[in-house]
Amino acid sequence: MSIFSTLEISGSALAAERQRAEVVAANMANAETTHTAAGGPYRRKEVVFSSSGNMPFRMMLANFRTLGFHPIPAVRVARIVDDPTPNVMRYEPDHPDANKEGYVSYPAINPIQEMVDLMSAVRTYQLNASAVNASKQMIQQALDILK
Amino acid sequence: MNDISNPIVQMLEKFLTLASQRHTLITSNIANLDTPGYRTRDFDFRGELRRAISTEDPVMTPIARAIPGLMERPDGNNVSMDRESLLMAETQLQFNIGVQLIRNQFQQIMTAITEGSKG
């Protein structure tokens, strides 16, 4: 484990948070989408993060034997899941996607929830960016010993 | 052991190694701020430093343990943004101190070299 691995760890978090912000953007962009390739309205998506240190004991032991230490976990997006919240039905009889009773099913997207999620992603991104800066400063200082 | 690599420099080297290892752990905790089920990991810096200084061997990577007594969120994650930010600042300053002290040691040797030639 070296000081340079900190940059990789923070980098993995930056990538994960960026993907989370992208998913939020997709949710907001598709808030009124009633028609998708899969049929039916758009379904709200959510990211699930997973720590890369989450591994079976056997793998952990093998890693420990080869590396001599336990790797420090980075983060990654494990999967993107559909929100199971049922669609919202709105009465719009003139809409082409309306059913027989005149109701259109819209994705259940709450703009406030999305904004809060986006804000949280941005703040975590900033926190990790400042961690990158701290690591860079430490590497620079270590180089300054040579001066 | 010679004058250039004196015990103080060796001690400071271990100090810097431990500080950068702790920094890596803190970075990992911050990276996993939103990972469900992730537990904050850290090691006892003073204890590890004392152990490292007491031997001649190079520093072993300390075993990081889950930290008890932190508030856990409903998703099983217990990373505290404040704790990690503060610790990161602290570790950075510790590292800075170590670097300055090592530079000071080398400066002293340099002074001995240059002043000797002035005679």
# chains A, B, ... in the order shown; residues from 1 in each chain; ligands from 1
>>> residues_around(residues="stretch 18-21 of chain B", least_positions_apart="3", cutoff="12 Å", atoms="only C-alpha atoms", output="JSON, numbers by chain")
{"A": [1, 2, 3, 4, 5, 6, 69, 71, 72, 134, 135, 136, 137, 138, 139, 141, 142], "B": [11, 12, 13, 14, 15, 24, 25, 26, 27, 28, 41, 42, 43, 44, 45, 46, 47, 48, 49, 50, 51, 52, 53, 58, 59, 60, 61, 62, 63, 64, 87, 88, 89, 90, 91, 92, 93, 94, 95, 96, 97, 98, 99]}
>>> select_by_dssp(residues="stretch 9-102 of chain B", states="strand (DSSP E)", output="MDAnalysis selection string")
chainID B and resid 41:42 65:66
>>> write_last_selection(atoms="N, CA, C and O atoms", output="tab-separated table (two decimals), in the first residue's frame")
chain	number	residue	atom	x	y	z
B	41	ARG	N	-12.86	2.25	9.31
B	41	ARG	CA	-11.68	1.51	9.72
B	41	ARG	C	-10.54	2.47	10.02
B	41	ARG	O	-10.38	3.49	9.37
B	42	ASP	N	-9.77	2.11	11.03
B	42	ASP	CA	-8.68	2.98	11.48
B	42	ASP	C	-7.74	2.14	12.33
B	42	ASP	O	-8.06	0.99	12.66
B	65	ARG	N	-8.82	-1.77	12.12
B	65	ARG	CA	-9.99	-2.36	12.78
B	65	ARG	C	-11.19	-1.44	12.61
B	65	ARG	O	-11.02	-0.25	12.39
B	66	ALA	N	-12.37	-2.03	12.75
B	66	ALA	CA	-13.59	-1.22	12.76
B	66	ALA	C	-13.60	-0.41	14.05
B	66	ALA	O	-13.19	-0.89	15.10
>>> interface_residues(of="chain A", to="chain B", cutoff="10 Å", atoms="only C-alpha atoms", output="compact mmCIF listing (two decimals) with N, CA, C and O atoms, in the first residue's frame")
# COMPACT_ATOMS: atom_id res chain seq x y z
N MET A 1 0.86 -1.19 0.00
CA MET A 1 0.00 0.00 0.00
C MET A 1 0.88 1.23 0.00
O MET A 1 1.79 1.39 0.81
N SER A 2 0.72 2.08 -0.97
CA SER A 2 1.55 3.27 -1.08
C SER A 2 0.67 4.49 -1.02
O SER A 2 -0.56 4.40 -1.11
N ILE A 3 1.32 5.63 -0.90
CA ILE A 3 0.57 6.89 -0.84
C ILE A 3 -0.15 7.12 -2.16
O ILE A 3 -1.18 7.79 -2.20
N PHE A 4 0.36 6.52 -3.25
CA PHE A 4 -0.30 6.72 -4.55
C PHE A 4 -1.62 5.98 -4.63
O PHE A 4 -2.48 6.33 -5.43
N SER A 5 -1.78 4.92 -3.81
CA SER A 5 -3.06 4.20 -3.86
C SER A 5 -4.20 5.07 -3.33
O SER A 5 -5.35 4.83 -3.66
N THR A 6 -3.89 6.09 -2.52
CA THR A 6 -4.95 6.98 -2.04
C THR A 6 -5.61 7.68 -3.21
O THR A 6 -6.81 7.91 -3.20
N LEU A 7 -4.81 8.02 -4.22
CA LEU A 7 -5.38 8.72 -5.38
C LEU A 7 -6.35 7.80 -6.11
O LEU A 7 -7.40 8.24 -6.57
N GLU A 8 -6.00 6.51 -6.19
CA GLU A 8 -6.90 5.56 -6.85
C GLU A 8 -8.21 5.42 -6.07
O GLU A 8 -9.29 5.35 -6.65
N ILE A 9 -8.07 5.35 -4.73
CA ILE A 9 -9.27 5.18 -3.90
C ILE A 9 -10.19 6.38 -4.05
O ILE A 9 -11.40 6.24 -4.31
N SER A 10 -9.62 7.60 -3.93
CA SER A 10 -10.44 8.80 -4.09
C SER A 10 -10.99 8.88 -5.50
O SER A 10 -12.14 9.28 -5.71
N GLY A 11 -10.20 8.46 -6.47
CA GLY A 11 -10.66 8.48 -7.86
C GLY A 11 -11.85 7.57 -8.08
O GLY A 11 -12.79 7.94 -8.78
N SER A 12 -11.83 6.40 -7.42
CA SER A 12 -12.97 5.48 -7.56
C SER A 12 -14.24 6.13 -7.00
O SER A 12 -15.32 5.97 -7.56
N ALA A 13 -14.08 6.87 -5.89
CA ALA A 13 -15.24 7.54 -5.29
C ALA A 13 -15.73 8.67 -6.19
O ALA A 13 -16.95 8.86 -6.33
N LEU A 14 -14.81 9.40 -6.81
CA LEU A 14 -15.21 10.48 -7.72
C LEU A 14 -16.03 9.89 -8.87
O LEU A 14 -17.08 10.42 -9.23
N ALA A 16 -17.71 7.06 -8.91
CA ALA A 16 -18.99 6.52 -8.42
C ALA A 16 -19.99 7.66 -8.18
O ALA A 16 -21.17 7.54 -8.55
N GLU A 17 -19.52 8.75 -7.58
CA GLU A 17 -20.44 9.86 -7.29
C GLU A 17 -20.90 10.53 -8.58
O GLU A 17 -22.03 10.99 -8.68
N VAL A 48 -26.44 1.53 -6.50
CA VAL A 48 -26.08 0.83 -5.26
C VAL A 48 -24.56 0.78 -5.22
O VAL A 48 -23.93 0.22 -6.13
N PHE A 49 -23.99 1.40 -4.19
CA PHE A 49 -22.53 1.39 -4.05
C PHE A 49 -22.09 0.13 -3.33
O PHE A 49 -22.82 -0.41 -2.50
N SER A 50 -20.88 -0.30 -3.65
CA SER A 50 -20.32 -1.44 -2.95
C SER A 50 -18.85 -1.17 -2.72
O SER A 50 -18.17 -0.56 -3.55
N SER A 51 -18.37 -1.61 -1.58
CA SER A 51 -16.96 -1.43 -1.26
C SER A 51 -16.18 -2.57 -1.90
O SER A 51 -16.58 -3.73 -1.80
N SER A 52 -15.05 -2.25 -2.56
CA SER A 52 -14.32 -3.31 -3.26
C SER A 52 -13.62 -4.25 -2.28
O SER A 52 -13.08 -5.27 -2.68
N GLY A 53 -13.65 -3.90 -1.00
CA GLY A 53 -13.08 -4.80 0.01
C GLY A 53 -14.07 -5.88 0.42
O GLY A 53 -13.74 -6.76 1.21
N ASN A 54 -15.27 -5.81 -0.12
CA ASN A 54 -16.30 -6.81 0.20
C ASN A 54 -16.03 -8.08 -0.57
O ASN A 54 -16.53 -8.28 -1.66
N GLY A 68 0.75 -9.39 1.55
CA GLY A 68 1.29 -9.17 2.89
C GLY A 68 0.47 -8.18 3.69
O GLY A 68 0.79 -7.88 4.83
N PHE A 69 -0.56 -7.64 3.11
CA PHE A 69 -1.45 -6.75 3.86
C PHE A 69 -2.85 -6.84 3.27
O PHE A 69 -3.03 -7.39 2.18
N HIS A 70 -3.78 -6.31 4.00
CA HIS A 70 -5.15 -6.32 3.53
C HIS A 70 -5.39 -5.08 2.67
O HIS A 70 -5.12 -3.97 3.12
N PRO A 71 -5.85 -5.24 1.41
CA PRO A 71 -6.03 -4.06 0.57
C PRO A 71 -7.07 -3.10 1.15
O PRO A 71 -8.05 -3.52 1.76
N ILE A 72 -6.81 -1.82 0.95
CA ILE A 72 -7.72 -0.79 1.46
C ILE A 72 -8.86 -0.65 0.46
O ILE A 72 -8.62 -0.46 -0.73
N PRO A 73 -10.11 -0.77 0.93
CA PRO A 73 -11.22 -0.81 -0.03
C PRO A 73 -11.50 0.52 -0.73
O PRO A 73 -11.58 1.56 -0.09
N ALA A 74 -11.63 0.46 -2.05
CA ALA A 74 -12.15 1.59 -2.83
C ALA A 74 -13.66 1.40 -2.95
O ALA A 74 -14.23 0.52 -2.29
N VAL A 75 -14.31 2.20 -3.77
CA VAL A 75 -15.76 2.07 -3.91
C VAL A 75 -16.10 1.93 -5.39
O VAL A 75 -15.35 2.37 -6.25
N ARG A 76 -17.19 1.23 -5.66
CA ARG A 76 -17.64 1.12 -7.05
C ARG A 76 -19.16 1.04 -7.08
O ARG A 76 -19.78 0.72 -6.06
N VAL A 77 -19.73 1.30 -8.24
CA VAL A 77 -21.17 1.16 -8.39
C VAL A 77 -21.44 -0.31 -8.65
O VAL A 77 -21.03 -0.84 -9.69
N ALA A 78 -22.09 -0.99 -7.70
CA ALA A 78 -22.32 -2.43 -7.84
C ALA A 78 -23.37 -2.67 -8.92
O ALA A 78 -23.18 -3.52 -9.79
N SER A 120 -26.37 15.70 -2.43
CA SER A 120 -25.55 14.78 -1.64
C SER A 120 -24.41 14.24 -2.49
O SER A 120 -23.26 14.15 -2.02
N ALA A 121 -24.69 13.91 -3.76
CA ALA A 121 -23.65 13.38 -4.64
C ALA A 121 -22.58 14.44 -4.88
O ALA A 121 -21.38 14.16 -4.84
N THR A 124 -20.41 14.95 -1.72
CA THR A 124 -19.48 13.84 -1.51
C THR A 124 -18.36 13.91 -2.55
O THR A 124 -17.21 13.60 -2.25
N TYR A 125 -18.72 14.33 -3.76
CA TYR A 125 -17.70 14.50 -4.81
C TYR A 125 -16.67 15.53 -4.35
O TYR A 125 -15.47 15.31 -4.45
N LEU A 127 -15.95 16.44 -1.30
CA LEU A 127 -15.17 15.91 -0.18
C LEU A 127 -14.04 15.03 -0.70
O LEU A 127 -12.90 15.13 -0.24
N ASN A 128 -14.34 14.20 -1.69
CA ASN A 128 -13.32 13.32 -2.24
C ASN A 128 -12.28 14.10 -3.04
O ASN A 128 -11.11 13.74 -3.05
N SER A 130 -11.33 17.07 -2.29
CA SER A 130 -10.38 17.67 -1.35
C SER A 130 -9.45 16.61 -0.76
O SER A 130 -8.32 16.92 -0.41
N ALA A 131 -9.92 15.36 -0.68
CA ALA A 131 -9.03 14.29 -0.24
C ALA A 131 -7.91 14.08 -1.27
O ALA A 131 -6.76 13.84 -0.90
N VAL A 132 -8.25 14.20 -2.56
CA VAL A 132 -7.23 14.09 -3.61
C VAL A 132 -6.20 15.19 -3.43
O VAL A 132 -4.99 14.96 -3.51
N ALA A 134 -5.41 16.77 -0.70
CA ALA A 134 -4.59 16.50 0.49
C ALA A 134 -3.51 15.47 0.15
O ALA A 134 -2.35 15.64 0.53
N SER A 135 -3.88 14.42 -0.60
CA SER A 135 -2.90 13.40 -0.97
C SER A 135 -1.82 14.00 -1.85
O SER A 135 -0.63 13.71 -1.67
N GLN A 137 -0.81 17.02 -1.94
CA GLN A 137 0.05 17.88 -1.13
C GLN A 137 1.08 17.05 -0.36
O GLN A 137 2.24 17.43 -0.25
N MET A 138 0.61 15.90 0.16
CA MET A 138 1.52 15.05 0.92
C MET A 138 2.62 14.50 0.02
O MET A 138 3.78 14.44 0.42
N ILE A 139 2.26 14.09 -1.20
CA ILE A 139 3.27 13.57 -2.13
C ILE A 139 4.27 14.68 -2.46
O ILE A 139 5.47 14.46 -2.49
N GLN A 141 5.06 17.21 -0.63
CA GLN A 141 5.91 17.46 0.54
C GLN A 141 7.01 16.41 0.65
O GLN A 141 8.15 16.73 0.96
N ALA A 142 6.62 15.15 0.36
CA ALA A 142 7.62 14.09 0.42
C ALA A 142 8.72 14.35 -0.60
O ALA A 142 9.90 14.10 -0.35
N LEU A 143 8.32 14.90 -1.76
CA LEU A 143 9.33 15.23 -2.78
C LEU A 143 10.22 16.38 -2.31
O LEU A 143 11.39 16.45 -2.68
N ASP A 144 9.64 17.27 -1.50
CA ASP A 144 10.40 18.43 -1.04
C ASP A 144 11.56 18.03 -0.12
O ASP A 144 12.46 18.84 0.11
N ILE A 145 11.51 16.82 0.43
CA ILE A 145 12.64 16.38 1.28
C ILE A 145 13.91 16.37 0.43
O ILE A 145 15.00 16.62 0.93
N LEU A 146 13.74 16.10 -0.87
CA LEU A 146 14.91 16.03 -1.75
C LEU A 146 15.55 17.38 -2.00
O LEU A 146 16.70 17.45 -2.39
N LYS A 147 14.78 18.44 -1.80
CA LYS A 147 15.30 19.77 -2.18
C LYS A 147 16.40 20.23 -1.23
O LYS A 147 16.31 20.01 -0.04
>>> select_by_dssp(residues="chain B", states="helix (DSSP H, G or I)", output="NGL selection string")
:B and (7-31 or 45-54 or 81-118)
>>> closest_residue(among="B:Asp57, B:Gln108, B:Ile67, B:Thr114", to="B:Gln10", atoms="only C-alpha atoms")
B:Asp57
>>> residues_around(residues="A:Gly102", least_positions_apart="2", cutoff="9 Å", atoms="only C-alpha atoms", output="ChimeraX atom specification")
/A:90-95,97-100,104
>>> residues_around(residues="A:Tyr42", least_positions_apart="4", cutoff="8 Å", atoms="only C-alpha atoms", output="list of chain:residue names")
A:Asn30, A:Ala31, A:Thr33, A:Thr34, A:His35, A:Thr36, A:Tyr106, A:Pro107
>>> residues_around(residues="A:Met28", least_positions_apart="4", cutoff="8 Å", atoms="only C-alpha atoms", output="PyMOL selection string")
chain A and resi 24+109+111+114
>>> atom_distance(atom1="atom CA of A:Val47", atom2="atom CA of A:Asn63")
27.9 Å
>>> atom_distance(atom1="atom CA of B:Arg83", atom2="atom CA of A:Val116")
22.6 Å
>>> residues_around(residues="A:Asp82", least_positions_apart="6", cutoff="8 Å", atoms="only C-alpha atoms", output="ChimeraX atom specification")
/A:43-46
>>> write_last_selection(atoms="N, CA, C and O atoms", output="compact mmCIF listing (two decimals), in the first residue's frame")
# COMPACT_ATOMS: atom_id res chain seq x y z
N ARG A 43 -38.83 4.00 -15.58
CA ARG A 43 -38.78 3.61 -14.16
C ARG A 43 -37.63 4.34 -13.51
O ARG A 43 -36.53 4.41 -14.06
N ARG A 44 -37.87 4.89 -12.33
CA ARG A 44 -36.83 5.63 -11.61
C ARG A 44 -35.67 4.68 -11.27
O ARG A 44 -35.89 3.55 -10.85
N LYS A 45 -34.43 5.16 -11.50
CA LYS A 45 -33.24 4.33 -11.26
C LYS A 45 -32.52 4.80 -10.00
O LYS A 45 -32.59 5.98 -9.63
N GLU A 46 -31.83 3.87 -9.38
CA GLU A 46 -31.02 4.20 -8.21
C GLU A 46 -29.71 3.43 -8.28
O GLU A 46 -29.70 2.29 -8.73
